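Enquirer: Here it is, the structure, as structure tokens.
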Amino acid sequence: MALHLIKLCVGVDSVEDLQNWRDRAYGRNRPSVHTTRMTPKRRDEVLDGGSLYWVIKRVVQVRQTILDLEEFPDSGGIKRCRIHLDGELVRTAPSPRRAFQGWRYLKAEDAPADLGEGATGGEDLPDDLRLKLIEMGAW
């Protein structure tokens, strides 16, 4: 069973902001790389179908499939990890999260479900309205 990662998406206000930033940096729907300080020790489990779930404005809203984990030394000799991510952003059912530092493991059974065709999770709502509903406890 896949093991996922969850991380705060700092400096981004919406899924659209994340998409626009990625499109400018890597090209539309192209794979991307996110660099972190720590390398997951449970590499094989993460690479067995794991995704990086992004927390935007205190709510998990989107995920990207993890393609590879690459440990490397930065220019100062400090170990870092490149998380290679698929180009597709997959919206998820909103799931509120408290702030935390770095990334955390996320078990498959605790991961929010994908929003897809025929879903009834408000996938057509604007992000700001969805966030307000979550904050009010209506979600």
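Following the order of the structure tokens, chains are lettered A, B, ..., residues in each are numbered from 1, and ligands are numbered from 1.
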Do you have, as a tab-separated table, the list of residues of segment 83-113 of chain A lying at most 6 Å from segment 10-31 of chain A, each with its nearest atom pair and that distance in Å to one decimal, counting only C-alpha atoms and ordered by chain then number?
Expert:
residue	atom	partner	partner_atom	distance
A:Leu85	CA	A:Pro31	CA	5.5
A:Asp86	CA	A:Pro31	CA	4.6
A:Gly87	CA	A:Pro31	CA	4.1
A:Glu88	CA	A:Asn29	CA	5.5
Enquirer: Generate a file of the selected residues that holds N, CA and C atoms, formatted as a short mmCIF file (atom, residue, chain, number, x, y, z; two decimals), in the first residue's frame.
Expert:
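New file again-v4.cif:
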data_model
loop_
_atom_site.label_atom_id
_atom_site.label_comp_id
_atom_site.auth_asym_id
_atom_site.auth_seq_id
_atom_site.Cartn_x
_atom_site.Cartn_y
_atom_site.Cartn_z
N LEU A 85 7.89 15.19 -9.12
CA LEU A 85 6.43 15.12 -9.11
C LEU A 85 5.85 15.09 -10.52
N ASP A 86 4.78 14.34 -10.68
CA ASP A 86 4.04 14.30 -11.93
C ASP A 86 3.47 15.69 -12.21
N GLY A 87 3.24 16.01 -13.47
CA GLY A 87 2.75 17.33 -13.85
C GLY A 87 1.29 17.58 -13.55
N GLU A 88 0.51 16.53 -13.34
CA GLU A 88 -0.92 16.70 -13.11
C GLU A 88 -1.22 17.04 -11.65
#
Enquirer: When DSSP is applied to the backbone of this structure, which of segment 11-134 of chain A are assigned strand (DSSP E)? Write them out as a VMD selection string.
Expert: chain A and resid 32 to 36 51 to 56 59 to 73 79 to 85 90 to 96 103 to 107
Enquirer: Ranking A:Ile66, A:Ile83, A:Leu106, A:Ala93 by minimum distance to Leu5 of chain A and counting only C-alpha atoms, which one comes first?
Expert: A:Leu106
Enquirer: By how many Å are atom CA of Arg97 of chain A and atom CA of Asp44 of chain A apart?
Expert: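 These atoms are spaced 25.7 Å apart.
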Enquirer: What is the atom CA of Cys81 of chain A-atom CA of Val33 of chain A distance in Å, reported with one decimal?
Expert: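 Computing the Euclidean distance for atom CA of Cys81 of chain A and atom CA of Val33 of chain A yields 9.7 Å.
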